[in-house]
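Enquirer: Please find one structure pasted underneath; my questions will follow.
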Amino acid sequence: MNAFLDEACRGSALRSRGIGRILRTGVRSGWLGELNSYLNKLVAYSVLLKLALVVVASGVALAGEKRVEAEHMRLANYQVDTSETATFIKLSGPTGVATFNFDLPPGRYDIDARYLSEKAGQNTYALYLNGVQIISWLGKDRDDQWHLMSEQKWHAPRNVALNKGDEIRVEALSGTGSLAVLDYLEFSESKRSDSRIRQNLVTIFPEEYERAIRNPLKGFRSSLGGEHEYGTLIKTYFKWNELEKSECDGVDSIKAACDARWHGCEQKNIKLIPRVYLAWPRRESGWPADMKEGDFTSDRFKQRVIALIKKLGKAWDNDSRVAFVEMGLIGQWGEMEWPDTSDEIKAAMAAQFAASFQNKLVMVRWPNTYNDDIYNFGYFWDSWAHHDQRYYGFHLMNPSPRWKTAVIGGEVAYNWGNSNIQPGKSPDESLSKPVHRDYVLDEIRSLHGNHVGWISSYDHGNESVRAGAELVQRALGYRFVISEVTYPKRIDTDAAFTVSFKVKNTGSSPFYYNWPVEVSLLDANTKQPVWKGSYTNLDIRNWMPGDKWDAGNDTYAIPPELYTASQSFVLSGVSSGSYIVALAILDPAGGRPSARFAIKNYYHGGRHPVGRVGVNQEVDSFSVSGFDDVQSDKSLSYDKVVN
């Protein structure tokens with residue numbers, strides 16, 4: 001039967017080519033006889049094609065073919081139509097069903113569909129395998145053009161197990177004018193690893209580390225001069241006249257002041273959030289000698305403040321010790337409130353901060369100020385979760401999802417208004433009493449908070465307070481949980497090998513800088529790397545948390561996505577033997593491990609051992625043990641880099 005059908009299809013192609021050739025040759029010798037011969041063949045082929053269509057109507061078109069034309073399926077409430085480029089089916093009622101039986105060799109297939117994305121109405125399709133829906137999709141482009149289902153990459157079914165005779169059904173719905181036009185379904189053998197290759201891979205499923213982690217660029221914001229169990233971020237205030245006494249002072253004066261204040265922070269893996277201020281009630285003035293105290297609005301002030309911002313950019317934008325920069329400068333405490341400045345100066349300051357800080361993220365005090373709709377400024381809410389400033393969260397959620405690219409933090413204030421209602425009378429009360437702690441947590445989750453201060457001054461000796469602090473630290477910022485890692489059981493030198501892993505951000509904010517992820521081979525005895533490589537095809541800033549916090553159910557209505565990282569490496573310069581595959585996130589300043597994954601697989605020094613692997617040989621066991629506690633490791637550091 002297959003040979004019979006092949007002949008029918010081959011005849012169709014011959015027919016097309018033959019008639020075309022006769023028409024081009026015109027009146028030549030013997031052309032009538034040749035035409036008569038082709039006409040006789042046409043009759044024969046038409047009979048064959050009719051028989052073929054009868055066979056097609058009962059199942060898939062041809063064994064061995066990978067495309068099933070829609071017009072060859074069993075149709076209900078569908079009609080066949082044609083255009084210059086295709087023959088297709090379209091609805092003849094509000095719903096339609098197209099069915100056929102799979103007739104290719106059993107195996108795993110990727111399935112695609114070609115459909116017309118109509119401007120009219122909504123194109124809605126659903127694909128069923130043996131009565132079970134395996135995917136549904138919408139024609140989202142609405143441009144009256146042909147599209148493939150695989151263009152919507154997160155929808156297309158992949159690696160689907162199919163057997164000969166399986167019933168495949170496409171159902172379409174139109175209540176809004178769409179005719180749900182379908183051209184064909186196409187099946188291609190899945191390119192995923194076959195069983196032989198899979199047998200040569202090992203997959204490790206690390207256990208999540210449940211406790212909070214002292215990780216960089218997130219969490220409780222602490223103070224200089226003290227030790228904090230989670231504090232890797234420190235808020236640092238500078239009076240303007242500490243950085244420059246007059247406009248004659250240059251960038252070196254700012255760097256010298258910072259070096260004196262920040263000495264040794266890199267050795268403790270601590271980064272700084274600086275803010276410059278001019279006025280602080282009941283404190284010595286911060287005004288430089290060549291400026292008029294209290295003058296926030298003159299042309300002279302504008303000239304000097306713009307010049308200072310340029311210097312700050314040169315001092316801080318490439319300083320590895322700086323985490324984020326708070327704009328400050330205006331008003332008491334640099335909180336950008338009162339005394340205020342003019343709109344002209346605000347616009348000039350915003351433009352200069354955006355120009356001067358290309359690498360560090362800048363934060364402003366209030367949403368909808370300092371042209372934050374133009375520039376990617378984050379926010380420091382200096383009365384975080386305060387009862388009398390509940391409107392702040394409302395305004396913060398009004399902009400586009402700024403939190404995805406701009407950091408949001410601040411401090412929990414206790415010294416004004418109705419703080420006894422929320423967030424409580426003290427840091428200890430905020431963390432130990434559920435009515436306050438849960439409220440603070442909900443604000444962190446809903447606003448995607450990265451760090452908070454003042455509340456960090458809690459009693460470390462009070463266990464109930466510390467338990468609440470651990471919950472807050474877990475929620476603040478990013479929290480990367482690896483669910484599985486896959487790598488070869490054996491790696492041969494000078495041959496490519498792939499290490500892939502799946503990770504989810506269960507925290508509240510992204511990681512805001514593109515730090516590299518390293519894969520390494522560790523000496524099984526010393527636990528030190530003998531080979532290292534970095535992923536070049538991933539950006540950890542894209543590992544987003546969930547969104548739309550549901551306080552009633554303590555979960556994000558939009559859950560965090562599971563991300564897959566995968567890359568091939570080539571091993572060289574490593575002796576044969578047994579090693580340990582490890583992962584780490586590196587601080588670019590020195591290239592050493594810094595941010596930790598929330599998994600129990602951990603060695604002192606910042607790397608996460610995954611499993612054993614053989615280099616140029618087989619190994620008997622892939623499991624590793626003897627892990628160190630993530631939170632207990634205080635050995636991490638980075639290099640001081642100031643350009």
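Identifiers for the structure tokens are assigned positionally: chains receive A, B, ... in sequence, residues are indexed from 1 per chain, and ligands are indexed from 1 in the order shown.
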Quick one: everything within 12 Å of range 163-167 of chain A, counting only C-alpha atoms, minus sequence neighbours fewer than 6 positions away in the same chain. Send it as a ChimeraX atom specification.

Expert: /A:58-60,63-64,73-74,98-109,127-133

Enquirer: Can you pull out every residue within 9 Å of Thr232 in chain A, counting only C-alpha atoms, but drop anything in the same chain fewer than 4 positions away, and send it as a list in words?

Expert: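 Counting only the stated atoms, we get Arg214, Asn215, Pro216, Leu217, Lys218, Gly219, Phe220, Arg221, Ser222, His228, Lys268, Asn269, Ile270, Lys271 and Leu272 of chain A.
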
Enquirer: Can I get the selected residues back with N, CA and C atoms, as a PDB file, in the first residue's frame?

Expert:
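Below is the file out37.pdb, written as the result:
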ATOM      1  N   ARG A 214      23.577  34.309  55.101  1.00  0.00           N
ATOM      2  CA  ARG A 214      24.272  35.602  55.064  1.00  0.00           C
ATOM      3  C   ARG A 214      24.866  35.770  53.661  1.00  0.00           C
ATOM      4  N   ASN A 215      24.065  36.290  52.761  1.00  0.00           N
ATOM      5  CA  ASN A 215      24.475  36.419  51.368  1.00  0.00           C
ATOM      6  C   ASN A 215      24.698  37.884  51.011  1.00  0.00           C
ATOM      7  N   PRO A 216      25.551  38.164  50.044  1.00  0.00           N
ATOM      8  CA  PRO A 216      25.843  39.557  49.673  1.00  0.00           C
ATOM      9  C   PRO A 216      24.696  40.220  48.928  1.00  0.00           C
ATOM     10  N   LEU A 217      24.673  41.554  49.000  1.00  0.00           N
ATOM     11  CA  LEU A 217      23.743  42.380  48.227  1.00  0.00           C
ATOM     12  C   LEU A 217      22.281  42.104  48.571  1.00  0.00           C
ATOM     13  N   LYS A 218      22.000  41.762  49.817  1.00  0.00           N
ATOM     14  CA  LYS A 218      20.620  41.511  50.239  1.00  0.00           C
ATOM     15  C   LYS A 218      20.546  41.444  51.762  1.00  0.00           C
ATOM     16  N   GLY A 219      19.330  41.504  52.290  1.00  0.00           N
ATOM     17  CA  GLY A 219      19.078  41.151  53.678  1.00  0.00           C
ATOM     18  C   GLY A 219      19.095  42.314  54.644  1.00  0.00           C
ATOM     19  N   PHE A 220      19.357  41.991  55.899  1.00  0.00           N
ATOM     20  CA  PHE A 220      19.417  43.012  56.940  1.00  0.00           C
ATOM     21  C   PHE A 220      20.569  43.973  56.647  1.00  0.00           C
ATOM     22  N   ARG A 221      20.263  45.261  56.649  1.00  0.00           N
ATOM     23  CA  ARG A 221      21.274  46.298  56.453  1.00  0.00           C
ATOM     24  C   ARG A 221      21.751  46.736  57.817  1.00  0.00           C
ATOM     25  N   SER A 222      23.031  46.532  58.093  1.00  0.00           N
ATOM     26  CA  SER A 222      23.554  46.787  59.435  1.00  0.00           C
ATOM     27  C   SER A 222      24.401  48.051  59.459  1.00  0.00           C
ATOM     28  N   HIS A 228      27.143  41.456  62.652  1.00  0.00           N
ATOM     29  CA  HIS A 228      25.751  41.053  62.492  1.00  0.00           C
ATOM     30  C   HIS A 228      25.716  39.680  61.833  1.00  0.00           C
ATOM     31  N   LYS A 268      35.543  41.086  54.905  1.00  0.00           N
ATOM     32  CA  LYS A 268      34.378  40.509  55.584  1.00  0.00           C
ATOM     33  C   LYS A 268      33.211  40.271  54.628  1.00  0.00           C
ATOM     34  N   ASN A 269      33.456  40.445  53.347  1.00  0.00           N
ATOM     35  CA  ASN A 269      32.423  40.271  52.321  1.00  0.00           C
ATOM     36  C   ASN A 269      31.267  41.256  52.505  1.00  0.00           C
ATOM     37  N   ILE A 270      31.582  42.464  52.995  1.00  0.00           N
ATOM     38  CA  ILE A 270      30.592  43.507  53.241  1.00  0.00           C
ATOM     39  C   ILE A 270      30.663  44.544  52.131  1.00  0.00           C
ATOM     40  N   LYS A 271      29.492  44.997  51.689  1.00  0.00           N
ATOM     41  CA  LYS A 271      29.415  46.071  50.698  1.00  0.00           C
ATOM     42  C   LYS A 271      28.586  47.222  51.270  1.00  0.00           C
ATOM     43  N   LEU A 272      28.789  48.411  50.715  1.00  0.00           N
ATOM     44  CA  LEU A 272      28.269  49.632  51.303  1.00  0.00           C
ATOM     45  C   LEU A 272      27.184  50.280  50.446  1.00  0.00           C
TER      46      LEU A 272
END

Enquirer: Residues near Leu91 in chain A, anyone? I mean within 8 Å using only C-alpha atoms, not counting same-chain ones fewer than 6 positions away, as a list in words.

Expert: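 Using only C-alpha atoms, the neighbours found are Asn77, Tyr78, Gln79, Ala172, Leu179, Ala180 and Val181 of chain A.
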
Enquirer: Report the closest atom pair, with its distance in Å rounded to one decimal, for each residue of range 239-330 of chain A that has an atom no farther than 10 Å from range 377-393 of chain A; count only C-alpha atoms, sort by chain and then rising residue number, and write it as a Markdown table.

Expert:
| residue | atom | partner | partner_atom | distance |
| --- | --- | --- | --- | --- |
| A:Phe324 | CA | A:Gly378 | CA | 9.4 |
| A:Val325 | CA | A:Gly378 | CA | 9.6 |
| A:Glu326 | CA | A:Phe380 | CA | 7.4 |
| A:Met327 | CA | A:Phe377 | CA | 9.4 |
| A:Gly328 | CA | A:Phe380 | CA | 9.9 |

Enquirer: Using DSSP assignments from the backbone, pull out every residue in range 164-277 of chain A that falls under helix (DSSP H, G or I) and give it to me as a list in words.

Expert: Ser195, Arg196, Ile197, Arg198, Gln199, Trp240, Asn241, Glu242, Leu243, Val251, Asp252, Ser253, Ile254, Lys255, Ala256, Ala257, Cys258, Asp259, Ala260, Arg261, Trp262, Cys265, Glu266, Gln267 and Lys268 of chain A

Enquirer: Write out, as a CSV table (one decimal), in the first residue's frame, the residues just selected, with N, CA, C and O atoms.

Expert:
chain,number,residue,atom,x,y,z
A,195,SER,N,18.4,7.0,25.1
A,195,SER,CA,18.6,6.2,26.4
A,195,SER,C,20.1,5.9,26.6
A,195,SER,O,20.5,5.9,27.7
A,196,ARG,N,20.8,5.7,25.5
A,196,ARG,CA,22.2,5.3,25.6
A,196,ARG,C,23.0,6.5,26.2
A,196,ARG,O,23.8,6.4,27.1
A,197,ILE,N,22.7,7.7,25.7
A,197,ILE,CA,23.3,8.9,26.2
A,197,ILE,C,22.9,9.2,27.7
A,197,ILE,O,23.7,9.5,28.5
A,198,ARG,N,21.6,9.0,27.9
A,198,ARG,CA,21.1,9.2,29.3
A,198,ARG,C,21.7,8.3,30.3
A,198,ARG,O,21.9,8.6,31.4
A,199,GLN,N,22.1,7.1,29.8
A,199,GLN,CA,22.7,6.1,30.8
A,199,GLN,C,24.1,6.6,31.1
A,199,GLN,O,24.7,6.2,32.2
A,240,TRP,N,28.7,66.1,53.2
A,240,TRP,CA,29.3,66.6,52.0
A,240,TRP,C,30.7,67.1,52.3
A,240,TRP,O,31.7,66.8,51.6
A,241,ASN,N,30.9,67.9,53.4
A,241,ASN,CA,32.2,68.4,53.7
A,241,ASN,C,33.2,67.4,54.2
A,241,ASN,O,34.4,67.8,54.4
A,242,GLU,N,32.8,66.2,54.4
A,242,GLU,CA,33.8,65.1,54.6
A,242,GLU,C,34.4,64.6,53.3
A,242,GLU,O,35.5,64.1,53.3
A,243,LEU,N,33.7,64.8,52.3
A,243,LEU,CA,34.1,64.3,50.9
A,243,LEU,C,34.9,65.4,50.2
A,243,LEU,O,35.9,65.2,49.5
A,251,VAL,N,38.4,64.1,43.0
A,251,VAL,CA,37.9,62.7,43.3
A,251,VAL,C,38.8,62.0,44.3
A,251,VAL,O,38.3,61.2,45.1
A,252,ASP,N,40.1,62.3,44.4
A,252,ASP,CA,41.0,61.7,45.3
A,252,ASP,C,40.6,61.9,46.7
A,252,ASP,O,40.7,61.1,47.6
A,253,SER,N,40.0,63.1,47.0
A,253,SER,CA,39.5,63.4,48.3
A,253,SER,C,38.4,62.5,48.8
A,253,SER,O,38.3,62.1,49.9
A,254,ILE,N,37.5,62.3,47.8
A,254,ILE,CA,36.3,61.4,48.1
A,254,ILE,C,36.8,59.9,48.3
A,254,ILE,O,36.4,59.3,49.3
A,255,LYS,N,37.8,59.5,47.5
A,255,LYS,CA,38.3,58.1,47.7
A,255,LYS,C,39.0,58.0,49.0
A,255,LYS,O,38.9,56.9,49.7
A,256,ALA,N,39.8,59.0,49.4
A,256,ALA,CA,40.5,58.9,50.7
A,256,ALA,C,39.5,58.8,51.9
A,256,ALA,O,39.7,58.0,52.8
A,257,ALA,N,38.4,59.6,51.8
A,257,ALA,CA,37.4,59.5,52.9
A,257,ALA,C,36.8,58.2,52.9
A,257,ALA,O,36.5,57.6,54.0
A,258,CYS,N,36.5,57.6,51.8
A,258,CYS,CA,35.9,56.3,51.7
A,258,CYS,C,36.8,55.2,52.2
A,258,CYS,O,36.4,54.3,53.0
A,259,ASP,N,38.1,55.3,51.8
A,259,ASP,CA,39.1,54.3,52.3
A,259,ASP,C,39.2,54.3,53.8
A,259,ASP,O,39.3,53.2,54.4
A,260,ALA,N,39.2,55.4,54.4
A,260,ALA,CA,39.3,55.5,55.8
A,260,ALA,C,38.1,55.0,56.5
A,260,ALA,O,38.2,54.3,57.6
A,261,ARG,N,36.9,55.2,56.0
A,261,ARG,CA,35.6,54.7,56.6
A,261,ARG,C,35.4,53.2,56.3
A,261,ARG,O,34.9,52.5,57.2
A,262,TRP,N,35.8,52.8,55.1
A,262,TRP,CA,35.4,51.4,54.7
A,262,TRP,C,36.5,50.4,54.9
A,262,TRP,O,36.4,49.3,54.3
A,265,CYS,N,36.4,46.2,54.8
A,265,CYS,CA,35.0,45.7,54.5
A,265,CYS,C,35.1,44.5,53.5
A,265,CYS,O,34.4,43.5,53.6
A,266,GLU,N,36.0,44.6,52.5
A,266,GLU,CA,36.1,43.6,51.5
A,266,GLU,C,36.5,42.2,52.1
A,266,GLU,O,36.2,41.2,51.6
A,267,GLN,N,37.3,42.3,53.2
A,267,GLN,CA,37.7,41.0,53.9
A,267,GLN,C,36.6,40.3,54.6
A,267,GLN,O,36.7,39.1,54.9
A,268,LYS,N,35.5,41.1,54.9
A,268,LYS,CA,34.4,40.5,55.6
A,268,LYS,C,33.2,40.3,54.6
A,268,LYS,O,32.1,39.9,55.1
